[in-house]
file structure.cif (mmCIF, C-alpha atoms)
data_my_file
#
loop_
_atom_site.label_atom_id
_atom_site.label_comp_id
_atom_site.auth_asym_id
_atom_site.auth_seq_id
_atom_site.Cartn_x
_atom_site.Cartn_y
_atom_site.Cartn_z
CA MET V 1 6.70 -26.13 -26.35
CA THR V 2 8.95 -24.34 -23.86
CA LYS V 3 9.39 -20.63 -24.56
CA THR V 4 12.74 -18.84 -24.50
CA LEU V 5 13.64 -16.96 -21.35
CA LYS V 6 13.62 -13.22 -22.19
CA VAL V 7 14.20 -11.85 -18.68
CA GLN V 8 17.27 -9.59 -18.48
CA LEU V 9 18.70 -9.57 -14.97
CA PRO V 10 19.80 -6.09 -13.85
CA PRO V 11 23.27 -5.61 -12.22
CA SER V 12 21.64 -5.58 -8.78
CA LEU V 13 20.66 -9.22 -9.35
CA ALA V 14 24.07 -10.37 -10.64
CA LYS V 15 24.25 -13.01 -7.87
CA PHE V 16 20.66 -14.13 -8.49
CA PHE V 17 21.41 -17.81 -9.03
CA SER V 18 23.98 -18.12 -6.26
CA GLU V 19 21.82 -16.75 -3.46
CA GLY V 20 19.88 -19.02 -1.12
CA GLY V 21 18.22 -19.14 2.28
CA PHE V 22 15.50 -16.95 3.74
CA THR V 23 15.13 -13.34 2.59
CA ASP V 24 15.75 -10.43 4.97
CA THR V 25 12.75 -8.65 6.36
CA THR V 26 12.42 -4.88 6.72
CA HIS V 27 11.02 -2.68 9.46
CA PHE V 28 7.72 -2.18 7.64
CA GLU V 29 7.44 -5.79 6.50
CA THR V 30 3.75 -6.69 6.33
CA ARG V 31 4.09 -10.18 4.89
CA LYS V 32 2.62 -12.95 7.01
CA HIS V 33 5.12 -15.66 6.08
CA SER V 34 8.87 -15.78 5.58
CA ARG V 35 10.15 -16.26 2.04
CA LEU V 36 12.70 -18.84 0.95
CA ARG V 37 14.93 -18.05 -2.03
CA CYS V 38 14.23 -20.57 -4.79
CA ARG V 39 16.00 -19.69 -8.01
CA CYS V 40 14.98 -21.54 -11.17
CA GLU V 41 13.32 -21.15 -14.56
CA ALA V 42 9.59 -21.86 -14.90
CA ASP V 43 6.82 -21.94 -17.48
CA LEU V 44 4.07 -19.40 -16.91
CA ARG V 45 0.67 -19.47 -18.55
CA ILE V 46 -1.79 -16.63 -18.17
CA ASP V 47 -5.26 -18.06 -17.63
CA TRP V 48 -7.17 -14.80 -17.17
CA SER V 49 -6.41 -11.13 -17.85
CA PRO V 50 -8.61 -8.03 -17.47
CA PRO V 51 -10.69 -7.83 -20.69
CA MET V 52 -9.19 -4.52 -21.87
CA LEU V 53 -5.63 -5.84 -21.35
CA ALA V 54 -5.87 -9.04 -23.36
CA ARG V 55 -2.51 -10.47 -24.49
CA SER V 56 -1.51 -11.90 -27.83
CA ASP V 57 0.81 -14.41 -26.18
CA SER V 58 -0.29 -16.03 -22.95
CA GLU V 59 2.72 -18.29 -22.36
CA MET V 60 6.19 -17.24 -21.31
CA ARG V 61 9.36 -18.46 -19.64
CA VAL V 62 10.03 -16.75 -16.30
CA LEU V 63 12.32 -16.99 -13.27
CA VAL V 64 11.12 -18.04 -9.85
CA LYS V 65 12.68 -15.81 -7.17
CA ASP V 66 11.26 -17.00 -3.88
CA VAL V 67 8.42 -18.98 -2.38
CA SER V 68 6.46 -18.75 0.83
CA LYS V 69 3.49 -20.53 2.36
CA CYS V 70 1.06 -18.24 0.53
CA GLY V 71 2.91 -16.75 -2.40
CA LEU V 72 5.56 -16.73 -5.08
CA GLY V 73 8.02 -14.11 -6.28
CA LEU V 74 8.73 -14.11 -10.01
CA LEU V 75 10.90 -12.25 -12.52
CA VAL V 76 9.14 -11.71 -15.84
CA HIS V 77 10.29 -9.93 -19.03
CA GLU V 78 7.05 -7.98 -19.37
CA GLN V 79 4.60 -6.32 -17.05
CA LEU V 80 1.93 -8.51 -15.46
CA TRP V 81 -1.26 -6.94 -14.14
CA PRO V 82 -2.76 -7.29 -10.67
CA GLU V 83 -5.61 -9.84 -10.65
CA GLU V 84 -4.19 -11.82 -13.59
CA GLN V 85 -4.60 -15.56 -12.98
CA VAL V 86 -1.52 -17.59 -13.83
CA THR V 87 -0.30 -21.18 -13.76
CA ILE V 88 3.42 -21.63 -13.06
CA THR V 89 5.11 -24.96 -13.61
CA PHE V 90 8.56 -25.56 -12.09
CA MET V 91 10.53 -28.32 -10.40
CA GLY V 92 7.76 -30.86 -10.97
CA ARG V 93 5.18 -28.65 -9.24
CA ARG V 94 2.29 -26.62 -10.59
CA ALA V 95 1.19 -23.43 -8.85
CA VAL V 96 -2.03 -21.62 -9.66
CA ALA V 97 -1.81 -18.03 -8.45
CA THR V 98 -3.14 -14.48 -8.74
CA ILE V 99 -0.76 -11.61 -9.49
CA VAL V 100 -0.95 -9.03 -6.72
CA ARG V 101 1.83 -6.58 -7.59
CA CYS V 102 4.45 -5.84 -10.25
CA ARG V 103 7.52 -3.63 -10.10
CA ARG V 104 10.00 -2.75 -12.83
CA LEU V 105 13.61 -3.62 -11.90
CA GLY V 106 15.13 -2.80 -15.28
CA LYS V 107 14.73 -3.32 -19.00
CA ALA V 108 12.84 -6.61 -19.60
CA CYS V 109 12.80 -7.37 -15.89
CA TYR V 110 9.67 -7.04 -13.74
CA GLU V 111 9.42 -8.45 -10.26
CA CYS V 112 5.93 -9.83 -9.64
CA GLY V 113 4.32 -11.05 -6.46
CA ALA V 114 1.70 -13.77 -6.81
CA LYS V 115 -0.73 -15.12 -4.23
CA LEU V 116 -1.09 -18.91 -4.31
CA ILE V 117 -4.46 -20.46 -5.00
CA SER V 118 -3.14 -24.02 -5.22
CA PHE V 119 0.26 -25.70 -5.27
CA GLU V 120 0.55 -29.33 -6.23
CA SER V 121 2.63 -31.89 -8.11
CA SER V 122 2.45 -31.26 -11.88
CA ASP V 123 1.56 -34.96 -12.36
CA ALA V 124 -1.67 -34.45 -10.40
CA MET O 1 -17.87 23.03 4.53
CA LEU O 2 -18.62 25.45 7.34
CA THR O 3 -20.15 24.79 10.75
CA PHE O 4 -21.96 27.55 12.61
CA ASN O 5 -24.49 27.29 15.48
CA ASN O 6 -24.43 23.48 15.16
CA GLN O 7 -25.51 23.74 11.52
CA THR O 8 -23.41 22.60 8.59
CA PHE O 9 -23.18 24.80 5.49
CA ILE O 10 -22.12 23.50 2.10
CA PRO O 11 -20.45 25.88 -0.38
CA ILE O 12 -22.14 26.47 -3.74
CA SER O 13 -20.82 28.42 -6.69
CA LEU O 14 -22.17 31.91 -7.32
CA PHE O 15 -22.30 30.97 -10.98
CA SER O 16 -24.64 28.05 -10.36
CA LEU O 17 -27.46 30.50 -9.59
CA ILE O 18 -29.81 31.05 -12.52
CA GLU O 19 -31.21 34.57 -12.88
CA ASP O 20 -34.91 34.84 -11.90
CA SER O 21 -35.09 31.17 -10.91
CA ARG O 22 -36.35 30.11 -7.46
CA PRO O 23 -34.02 27.51 -5.97
CA GLY O 24 -36.49 27.17 -3.08
CA VAL O 25 -33.78 27.19 -0.39
CA ASN O 26 -32.17 29.78 1.81
CA ILE O 27 -28.87 30.93 0.37
CA TYR O 28 -26.28 32.23 2.81
CA ALA O 29 -23.15 34.29 2.31
CA CYS O 30 -20.00 34.51 4.34
CA ALA O 31 -17.43 37.28 4.18
CA LYS O 32 -13.79 36.56 3.51
CA ASN O 33 -11.95 35.11 6.53
CA ASP O 34 -15.21 35.03 8.49
CA HIS O 35 -17.15 32.01 9.73
CA HIS O 36 -20.53 33.65 10.38
CA PRO O 37 -22.88 33.03 7.45
CA PHE O 38 -25.84 35.40 7.00
CA LEU O 39 -29.02 34.98 4.96
CA LEU O 40 -28.60 36.44 1.48
CA ILE O 41 -31.64 35.08 -0.43
CA SER O 42 -34.60 33.52 1.34
CA ASP O 43 -36.29 30.39 -0.02
CA SER O 44 -39.26 32.38 -1.35
CA GLU O 45 -37.20 34.94 -3.32
CA PRO O 46 -36.08 34.72 -6.95
CA VAL O 47 -32.36 34.97 -7.70
CA GLN O 48 -31.24 38.46 -8.70
CA LEU O 49 -27.67 38.22 -9.82
CA ASP O 50 -26.94 41.98 -9.80
CA ARG O 51 -27.77 42.03 -6.09
CA ILE O 52 -25.45 39.10 -5.41
CA SER O 53 -22.71 40.67 -7.51
CA ARG O 54 -22.95 43.78 -5.33
CA PHE O 55 -22.33 41.63 -2.26
CA GLU O 56 -19.44 39.98 -4.02
CA SER O 57 -17.84 43.30 -4.79
CA GLU O 58 -18.18 44.17 -1.11
CA GLY O 59 -16.09 41.16 -0.18
CA VAL O 60 -18.43 38.18 -0.01
CA TYR O 61 -16.25 35.19 -0.61
CA ASN O 62 -18.51 32.15 -0.55
CA LEU O 63 -22.15 31.27 -0.88
CA TYR O 64 -23.62 28.43 1.14
CA VAL O 65 -26.74 26.37 1.62
CA THR O 66 -27.47 24.18 4.65
CA THR O 67 -27.05 20.41 4.34
CA ASP O 68 -30.86 20.01 4.18
CA GLY O 69 -31.11 22.83 1.66
CA TYR O 70 -28.35 21.31 -0.46
CA GLU O 71 -30.59 18.39 -1.48
CA HIS O 72 -33.29 20.85 -2.65
CA PHE O 73 -30.69 22.96 -4.41
CA LYS O 74 -29.32 19.98 -6.34
CA GLU O 75 -32.85 18.94 -7.26
CA HIS O 76 -33.42 22.45 -8.58
CA LEU O 77 -30.26 22.17 -10.72
CA ARG O 78 -31.13 18.67 -11.92
CA SER O 79 -34.57 19.85 -13.02
CA ASN O 80 -32.81 22.50 -15.12
CA TRP O 81 -30.16 20.08 -16.48
CA GLU O 82 -31.36 20.01 -20.10
CA ARG O 83 -32.02 23.74 -20.14
CA LEU O 84 -28.54 24.31 -18.77
CA LEU O 85 -26.97 22.26 -21.55
CA GLU O 86 -28.89 23.82 -24.42
CA ASP O 87 -30.21 27.26 -23.49
CA GLU O 88 -27.67 29.76 -24.75
CA ALA O 89 -29.70 32.59 -23.24
CA ILE O 90 -28.36 31.50 -19.84
CA PRO O 91 -24.83 32.87 -19.39
CA PHE O 92 -22.27 30.19 -20.18
CA LYS O 93 -20.57 30.54 -16.81
CA THR O 94 -23.89 29.83 -15.07
CA ARG O 95 -24.47 26.77 -17.21
CA LEU O 96 -20.93 25.52 -16.61
CA ALA O 97 -21.09 26.06 -12.84
CA SER O 98 -24.47 24.39 -12.54
CA ILE O 99 -23.47 21.39 -14.59
CA LEU O 100 -20.28 20.98 -12.56
CA GLU O 101 -22.33 21.25 -9.36
CA ILE O 102 -24.60 18.43 -10.54
CA SER O 103 -21.61 16.44 -11.78
CA ARG O 104 -19.89 16.75 -8.41
CA ASP O 105 -23.02 15.49 -6.70
CA LEU O 106 -23.48 12.55 -9.07
CA VAL O 107 -19.82 11.56 -8.69
CA ALA O 108 -19.98 11.86 -4.87
CA ARG O 109 -23.09 9.64 -4.83
CA VAL O 110 -21.59 6.93 -7.01
CA PHE O 111 -18.33 7.04 -5.00
CA ALA O 112 -20.39 6.33 -1.91
CA ASN O 113 -21.68 2.99 -3.18
CA LYS O 114 -18.40 1.84 -4.87
CA HIS O 115 -20.18 -0.49 -7.29
CA PRO O 116 -17.72 -0.97 -10.21
CA GLU O 117 -20.26 -0.99 -13.07
CA SER O 118 -22.10 2.03 -11.64
CA LEU O 119 -18.81 3.89 -11.17
CA VAL O 120 -18.00 3.46 -14.84
CA ARG O 121 -21.54 4.17 -16.09
CA VAL O 122 -22.04 7.35 -14.07
CA THR O 123 -18.55 8.82 -14.55
CA ARG O 124 -18.77 8.10 -18.26
CA SER O 125 -22.07 9.95 -18.61
CA VAL O 126 -20.80 12.88 -16.49
CA SER O 127 -17.62 13.05 -18.55
CA ARG O 128 -19.58 12.99 -21.81
CA VAL O 129 -21.62 16.01 -20.70
CA ILE O 130 -18.57 17.98 -19.48
CA ALA O 131 -16.54 17.13 -22.60
CA SER O 132 -19.39 18.12 -24.87
CA LEU O 133 -19.97 21.40 -23.02
CA ILE O 134 -16.27 22.30 -23.13
CA ASN O 135 -15.87 21.17 -26.73
CA ARG O 136 -18.89 23.17 -27.92
CA ASN O 137 -18.28 26.36 -25.96
CA GLN O 138 -14.48 26.52 -25.60
CA PRO O 139 -14.59 28.15 -22.15
CA SER O 140 -11.64 30.16 -20.98
CA LEU O 141 -9.60 28.56 -18.21
CA ARG O 142 -10.29 31.68 -16.19
CA ASP O 143 -14.05 30.96 -16.33
CA LEU O 144 -13.37 27.38 -15.34
CA LEU O 145 -11.14 28.32 -12.41
CA ASP O 146 -13.78 30.83 -11.27
CA VAL O 147 -16.53 28.24 -10.99
CA LEU O 148 -14.65 25.24 -9.60
CA HIS O 149 -14.79 24.34 -5.93
CA ARG O 150 -11.50 24.16 -4.07
CA ASP O 151 -12.23 21.79 -1.19
CA HIS O 152 -10.53 18.46 -0.56
CA GLN O 153 -13.51 16.22 -1.26
CA LEU O 154 -12.63 13.32 -3.54
CA ALA O 155 -15.52 14.13 -5.90
CA THR O 156 -14.37 17.76 -6.20
CA HIS O 157 -10.81 16.66 -7.01
CA ALA O 158 -12.18 14.24 -9.61
CA VAL O 159 -14.46 16.75 -11.36
CA ASN O 160 -11.89 19.56 -11.32
CA GLY O 161 -9.21 17.23 -12.66
CA ALA O 162 -11.53 15.97 -15.40
CA CYS O 163 -12.25 19.55 -16.53
CA PHE O 164 -8.54 20.40 -16.64
CA ALA O 165 -7.70 17.17 -18.47
CA ILE O 166 -10.43 17.70 -21.08
CA CYS O 167 -9.25 21.29 -21.70
CA LEU O 168 -5.63 20.15 -21.97
CA ALA O 169 -6.42 17.22 -24.26
CA GLU O 170 -8.59 19.42 -26.44
CA SER O 171 -5.81 21.97 -26.83
CA LEU O 172 -3.62 19.11 -28.07
CA GLY O 173 -6.16 18.11 -30.73
CA TYR O 174 -7.65 14.95 -29.19
CA PRO O 175 -11.03 14.05 -30.76
CA LEU O 176 -14.27 14.42 -28.75
CA SER O 177 -14.55 10.63 -28.24
CA ASP O 178 -11.12 10.61 -26.57
CA LEU O 179 -11.93 13.72 -24.50
CA SER O 180 -14.86 11.88 -23.00
CA LYS O 181 -12.74 8.81 -22.16
CA ILE O 182 -9.93 10.94 -20.75
CA GLY O 183 -12.49 12.71 -18.57
CA THR O 184 -13.83 9.36 -17.37
CA GLY O 185 -10.32 8.18 -16.51
CA VAL O 186 -9.62 11.29 -14.45
CA LEU O 187 -12.99 11.06 -12.69
CA LEU O 188 -12.02 7.51 -11.68
CA HIS O 189 -8.28 7.96 -11.12
CA ASP O 190 -8.38 8.12 -7.31
CA VAL O 191 -11.23 5.66 -6.84
CA GLY O 192 -8.87 3.37 -4.91
CA MET O 193 -8.86 5.95 -2.10
CA LEU O 194 -12.41 4.79 -1.35
CA GLU O 195 -10.95 1.45 -0.21
CA LEU O 196 -8.60 3.06 2.34
CA ASP O 197 -9.16 4.09 5.94
CA PRO O 198 -10.84 7.54 5.72
CA ASP O 199 -8.90 8.66 8.80
CA ILE O 200 -5.68 8.29 6.81
CA VAL O 201 -7.07 9.81 3.59
CA LYS O 202 -8.38 12.87 5.44
CA LYS O 203 -5.63 13.15 8.05
CA PRO O 204 -5.00 16.86 8.69
CA ARG O 205 -1.30 16.35 9.50
CA LYS O 206 1.73 14.97 7.70
CA LEU O 207 1.46 11.22 7.06
CA ASP O 208 3.85 8.84 8.80
CA GLU O 209 5.67 6.04 6.98
CA PHE O 210 2.91 3.45 7.53
CA GLU O 211 0.17 5.85 6.42
CA ARG O 212 2.14 6.88 3.35
CA LYS O 213 2.48 3.20 2.39
CA GLU O 214 -1.25 2.79 2.79
CA ILE O 215 -1.98 5.79 0.52
CA VAL O 216 0.39 4.43 -2.13
CA LYS O 217 -1.87 1.37 -2.42
CA HIS O 218 -4.72 3.40 -3.91
CA SER O 219 -3.68 3.01 -7.54
CA ILE O 220 -3.58 -0.81 -7.27
CA LEU O 221 -6.83 -0.84 -5.29
CA GLY O 222 -8.51 1.31 -7.96
CA PHE O 223 -7.22 -1.01 -10.67
CA LYS O 224 -8.53 -4.08 -8.82
CA LEU O 225 -11.91 -2.46 -8.31
CA LEU O 226 -12.39 -1.62 -11.99
CA CYS O 227 -10.38 -4.13 -14.05
CA LYS O 228 -13.29 -6.53 -14.50
CA VAL O 229 -15.59 -3.90 -16.02
CA ALA O 230 -15.36 -4.80 -19.71
CA GLU O 231 -16.76 -1.43 -20.88
CA LEU O 232 -13.71 0.40 -19.54
CA SER O 233 -10.98 1.01 -22.13
CA ARG O 234 -7.30 0.30 -21.63
CA GLY O 235 -6.47 4.03 -21.52
CA GLU O 236 -9.10 4.75 -18.86
CA LEU O 237 -7.89 1.88 -16.68
CA MET O 238 -4.26 2.93 -17.13
CA MET O 239 -5.13 6.41 -15.83
CA VAL O 240 -6.33 4.74 -12.63
CA TYR O 241 -3.31 2.42 -12.36
CA GLN O 242 -0.46 4.60 -13.64
CA HIS O 243 -1.26 8.21 -12.67
CA HIS O 244 1.48 8.14 -10.01
CA GLU O 245 4.09 6.68 -12.35
CA ARG O 246 6.80 9.21 -13.17
CA VAL O 247 8.81 9.44 -16.38
CA ASP O 248 12.11 9.08 -14.46
CA GLY O 249 10.98 5.69 -13.10
CA LYS O 250 10.54 6.94 -9.53
CA GLY O 251 6.77 6.67 -9.41
CA TYR O 252 4.49 3.87 -8.26
CA PRO O 253 3.16 1.19 -8.35
CA THR O 254 5.43 -0.26 -11.06
CA SER O 255 8.27 2.30 -11.45
CA LEU O 256 7.76 2.45 -15.22
CA VAL O 257 9.72 4.92 -17.35
CA LEU O 258 8.57 7.44 -19.98
CA SER O 259 7.10 5.56 -22.96
CA GLU O 260 6.04 2.58 -20.84
CA ILE O 261 3.48 4.83 -19.14
CA HIS O 262 0.23 5.27 -21.07
CA PRO O 263 0.06 8.84 -22.48
CA TRP O 264 -3.33 9.46 -20.86
CA ALA O 265 -1.82 8.51 -17.48
CA ARG O 266 1.03 11.00 -18.09
CA LEU O 267 -1.55 13.68 -18.90
CA CYS O 268 -3.55 12.72 -15.81
CA ALA O 269 -0.42 13.07 -13.64
CA VAL O 270 0.01 16.71 -14.72
CA VAL O 271 -3.57 17.81 -14.01
CA ASP O 272 -3.63 15.71 -10.82
CA VAL O 273 -0.63 17.62 -9.43
CA PHE O 274 -2.00 20.98 -10.59
CA GLU O 275 -5.43 20.34 -9.06
CA ALA O 276 -3.95 19.03 -5.83
CA VAL O 277 -1.66 21.99 -5.19
CA THR O 278 -4.24 24.64 -6.17
CA SER O 279 -6.90 23.19 -3.82
CA ASP O 280 -7.15 23.20 -0.05
CA ARG O 281 -5.97 20.00 1.60
CA PRO O 282 -6.28 18.83 5.21
CA GLN O 283 -2.54 19.46 5.69
CA ARG O 284 -2.23 22.82 3.90
CA GLN O 285 -3.85 25.77 2.17
CA ARG O 286 -4.06 25.97 -1.62
CA LEU O 287 -1.14 27.48 -3.56
CA SER O 288 -1.40 30.21 -6.18
CA VAL O 289 -1.43 29.32 -9.88
CA THR O 290 2.05 30.91 -10.16
CA SER O 291 3.42 28.57 -7.48
CA ALA O 292 1.65 25.62 -9.10
CA ILE O 293 3.24 26.44 -12.46
CA ALA O 294 6.67 26.63 -10.81
CA ILE O 295 6.13 23.17 -9.28
CA LEU O 296 4.99 21.68 -12.60
CA GLN O 297 7.95 23.17 -14.46
CA ARG O 298 10.40 21.92 -11.85
CA GLU O 299 8.85 18.44 -11.99
CA SER O 300 8.93 18.42 -15.79
CA ASP O 301 12.73 18.46 -15.55
CA TYR O 302 12.58 14.88 -14.33
CA SER O 303 9.27 13.35 -13.23
CA LEU O 304 6.33 14.80 -15.23
CA ASP O 305 5.93 14.61 -19.00
CA ARG O 306 7.31 17.88 -20.35
CA THR O 307 4.98 17.90 -23.39
CA PHE O 308 1.88 17.95 -21.22
CA VAL O 309 3.34 20.38 -18.67
CA ASP O 310 4.35 22.83 -21.42
CA ALA O 311 0.93 22.61 -23.08
CA TRP O 312 -0.86 23.19 -19.76
CA VAL O 313 1.37 26.11 -18.78
CA ARG O 314 0.89 27.61 -22.25
CA LEU O 315 -2.90 27.44 -21.79
CA LEU O 316 -2.63 29.24 -18.44
CA GLU O 317 -0.18 31.83 -19.76
CA VAL O 318 -2.22 32.62 -22.88
CA GLU O 319 -4.99 33.78 -20.56
CA ASN O 320 -2.51 35.47 -18.27
CA ILE O 321 -3.60 33.30 -15.33
CA THR O 322 -0.80 33.43 -12.80
#

call {"tool": "encode", "arguments": {"input": "structure.cif", "output": "structure tokens"}}
result
Amino acid sequence: MTKTLKVQLPPSLAKFFSEGGFTDTTHFETRKHSRLRCRCEADLRIDWSPPMLARSDSEMRVLVKDVSKCGLGLLVHEQLWPEEQVTITFMGRRAVATIVRCRRLGKACYECGAKLISFESSDA
Amino acid sequence: MLTFNNQTFIPISLFSLIEDSRPGVNIYACAKNDHHPFLLISDSEPVQLDRISRFESEGVYNLYVTTDGYEHFKEHLRSNWERLLEDEAIPFKTRLASILEISRDLVARVFANKHPESLVRVTRSVSRVIASLINRNQPSLRDLLDVLHRDHQLATHAVNGACFAICLAESLGYPLSDLSKIGTGVLLHDVGMLELDPDIVKKPRKLDEFERKEIVKHSILGFKLLCKVAELSRGELMMVYQHHERVDGKGYPTSLVLSEIHPWARLCAVVDVFEAVTSDRPQRQRLSVTSAIAILQRESDYSLDRTFVDAWVRLLEVENIT
């Protein structure tokens, strides 16, 4: 069953759904691949968490922010931990990924970076 | 550390010397602002504290052993470990200094191999001993500050911070079981630094933008190193991950605000700042306790948890340590 989206977009992301194209890079950009804005809802399932940080609810509705050859940017309503293994299903695709970073943007809005392990059609 | 005539000297605490014991190593002294160590006690002599105290009153600032001698000295302390914990005939300050000396060595050794399970096992047992010693004997902060080292070694920072955190938590009524875990968390809080380029961590000048970004990674690296060790509690791991979070949301790595930060991580942030500014660093000399208090109080207006800052300052002020 699909969960309800609980992410609250902060004012800085008011144009979230209308933005497209590649994201700007900064002087100290260390990413290997450019990121393409891809704005949609997705289902996220947490497959593994650190043992001392176990969750009562492992499924949630999230927003996809951008994608690149090796990673995904997500907006989530609660904090995700580095090293958590997740499966994200969106637009007929299923991505298995590891969370690498998480930053609070506002109340019920955390921006998470995930490193892709696999990315395939959700029918596969 | 001190280098003289191509020999390296390692500082030891005056209070780690046990009266009438024979450490079996040469112990050197060095006058304030001098870099020429001289032999104070030869390896065949017993320790006579009144003689050393006389030197201290004449201006001796630090005691040293050579790097080779340091191994013997630590062995001497380790062989007295149980006696140091239990024997109340030995002055408390001597017992405290010796146990911290051993603790510093154990922590430095386990930091060197970076094995996650060993890191947790060793720091937990060190923390248990320190917490129990502090809990049983209620040392004054003045005694503690007297015996702590002030160098910029990671193990020194960890052990000093753990002592401060345990004292602070105890003053706030935390039970012994929590004191031990809080101590473990502080001993481990900067473990991510071990994963960074040592040239950046020990750089004697101001860090540039790239280097600063590298240093900022240490809390995530520490988390990644330890998060699979099931024996570690949530609070201990949060001290590693969140000790640079600030209550105004301007910290890292997540920019959390007040109540979202684990209370032990907020406590760790206070003692981390205090320890850092009152110890020597590659880029600067240590500050006085008065200056450190001023920094903590200024930061408690926006970035540090005021409850913990106030409690820590109160502890220092009660003993008139400024």

call {"tool": "interface_residues", "arguments": {"input": "structure.cif", "of": "chain V", "to": "chain O", "cutoff": "12 Å", "atoms": "only C-alpha atoms", "output": "MDAnalysis selection string"}}
result
chainID V and resid 27:30 48:54 78:84 98:113

call {"tool": "closest_residue", "arguments": {"input": "structure.cif", "among": "V:His77, V:Lys3, V:Asp66, V:Gly92", "to": "Ala114 of chain V", "atoms": "all atoms listed in the file"}}
result
V:Asp66

call {"tool": "closest_residue", "arguments": {"input": "structure.cif", "among": "O:Ser132, O:Ser13, O:Ser279, O:Ser291", "to": "Ile321 of chain O", "atoms": "only C-alpha atoms"}}
result
O:Ser291

call {"tool": "residues_around", "arguments": {"input": "structure.cif", "residues": "Gly21 of chain V", "least_positions_apart": "2", "cutoff": "8 Å", "atoms": "only C-alpha atoms", "output": "PDB file with C-alpha atoms, in the frame of the given file"}}
result
ATOM      1  CA  GLU V  19      21.820 -16.750  -3.460  1.00  0.00           C
ATOM      2  CA  THR V  23      15.130 -13.340   2.590  1.00  0.00           C
ATOM      3  CA  LEU V  36      12.700 -18.840   0.950  1.00  0.00           C
ATOM      4  CA  ARG V  37      14.930 -18.050  -2.030  1.00  0.00           C
TER       5      ARG V  37
END

call {"tool": "resolve_selection", "arguments": {"input": "structure.cif", "expression": "the PyMOL selection byres ((chain O and resi 127) around 12)", "output": "PyMOL selection string"}}
result
chain O and resi 99-100+102-104+106-107+119-126+128-135+158-166+176-188+236

call {"tool": "resolve_selection", "arguments": {"input": "structure.cif", "expression": "the PyMOL selection byres ((chain O and resi 24-37) around 10)", "output": "PyMOL selection string"}}
result
chain O and resi 2-5+9-12+14+21-23+38-47+52+55-56+58-66+68-73+75-76

call {"tool": "atom_distance", "arguments": {"input": "structure.cif", "atom1": "atom CA of Val62 of chain V", "atom2": "atom CA of Leu75 of chain V"}}
result
5.9 Å

call {"tool": "resolve_selection", "arguments": {"input": "structure.cif", "expression": "the PyMOL selection byres ((chain V and resi 44) around 12)", "output": "ChimeraX atom specification"}}
result
/V:1-5,41-43,45-47,57-64,74-77,80,84-90,94-99,114

call {"tool": "closest_residue", "arguments": {"input": "structure.cif", "among": "O:Leu207, O:Ala112, O:Ile90, O:Ala276", "to": "Ser288 of chain O", "atoms": "only C-alpha atoms"}}
result
O:Ala276

call {"tool": "atom_distance", "arguments": {"input": "structure.cif", "atom1": "atom CA of Trp312 of chain O", "atom2": "atom CA of His157 of chain O"}}
result
17.4 Å

call {"tool": "atom_distance", "arguments": {"input": "structure.cif", "atom1": "atom CA of Ala97 of chain O", "atom2": "atom CA of Val147 of chain O"}}
result
5.4 Å

call {"tool": "residues_around", "arguments": {"input": "structure.cif", "residues": "Glu319 of chain O", "least_positions_apart": "4", "cutoff": "12 Å", "atoms": "all atoms listed in the file", "output": "ChimeraX atom specification"}}
result
/O:139-145,312-315

call {"tool": "decode", "arguments": {"input": "structure.cif", "residues": "segment 119-128 of chain O", "atoms": "N, CA and C atoms", "output": "mmCIF file, in the first residue's frame"}}
result
data_model
loop_
_atom_site.group_PDB
_atom_site.id
_atom_site.type_symbol
_atom_site.label_atom_id
_atom_site.label_comp_id
_atom_site.auth_asym_id
_atom_site.auth_seq_id
_atom_site.Cartn_x
_atom_site.Cartn_y
_atom_site.Cartn_z
ATOM 1 N N LEU O 119 37.819 -1.035 18.692
ATOM 2 C CA LEU O 119 37.643 0.354 19.128
ATOM 3 C C LEU O 119 36.576 0.440 20.214
ATOM 4 N N VAL O 120 35.462 -0.246 19.961
ATOM 5 C CA VAL O 120 34.358 -0.185 20.926
ATOM 6 C C VAL O 120 34.740 -0.929 22.214
ATOM 7 N N ARG O 121 35.331 -2.118 22.066
ATOM 8 C CA ARG O 121 35.659 -2.924 23.255
ATOM 9 C C ARG O 121 36.647 -2.190 24.163
ATOM 10 N N VAL O 122 37.714 -1.665 23.562
ATOM 11 C CA VAL O 122 38.761 -1.031 24.383
ATOM 12 C C VAL O 122 38.269 0.294 24.985
ATOM 13 N N THR O 123 37.626 1.127 24.178
ATOM 14 C CA THR O 123 37.174 2.418 24.722
ATOM 15 C C THR O 123 36.118 2.192 25.804
ATOM 16 N N ARG O 124 35.299 1.156 25.618
ATOM 17 C CA ARG O 124 34.289 0.888 26.638
ATOM 18 C C ARG O 124 34.950 0.470 27.954
ATOM 19 N N SER O 125 35.980 -0.358 27.880
ATOM 20 C CA SER O 125 36.603 -0.793 29.140
ATOM 21 C C SER O 125 37.387 0.363 29.771
ATOM 22 N N VAL O 126 38.018 1.206 28.962
ATOM 23 C CA VAL O 126 38.717 2.382 29.503
ATOM 24 C C VAL O 126 37.703 3.313 30.169
ATOM 25 N N SER O 127 36.596 3.546 29.487
ATOM 26 C CA SER O 127 35.590 4.461 30.025
ATOM 27 C C SER O 127 35.000 3.943 31.339
ATOM 28 N N ARG O 128 34.808 2.625 31.404
ATOM 29 C CA ARG O 128 34.251 2.033 32.623
ATOM 30 C C ARG O 128 35.180 2.310 33.815
#
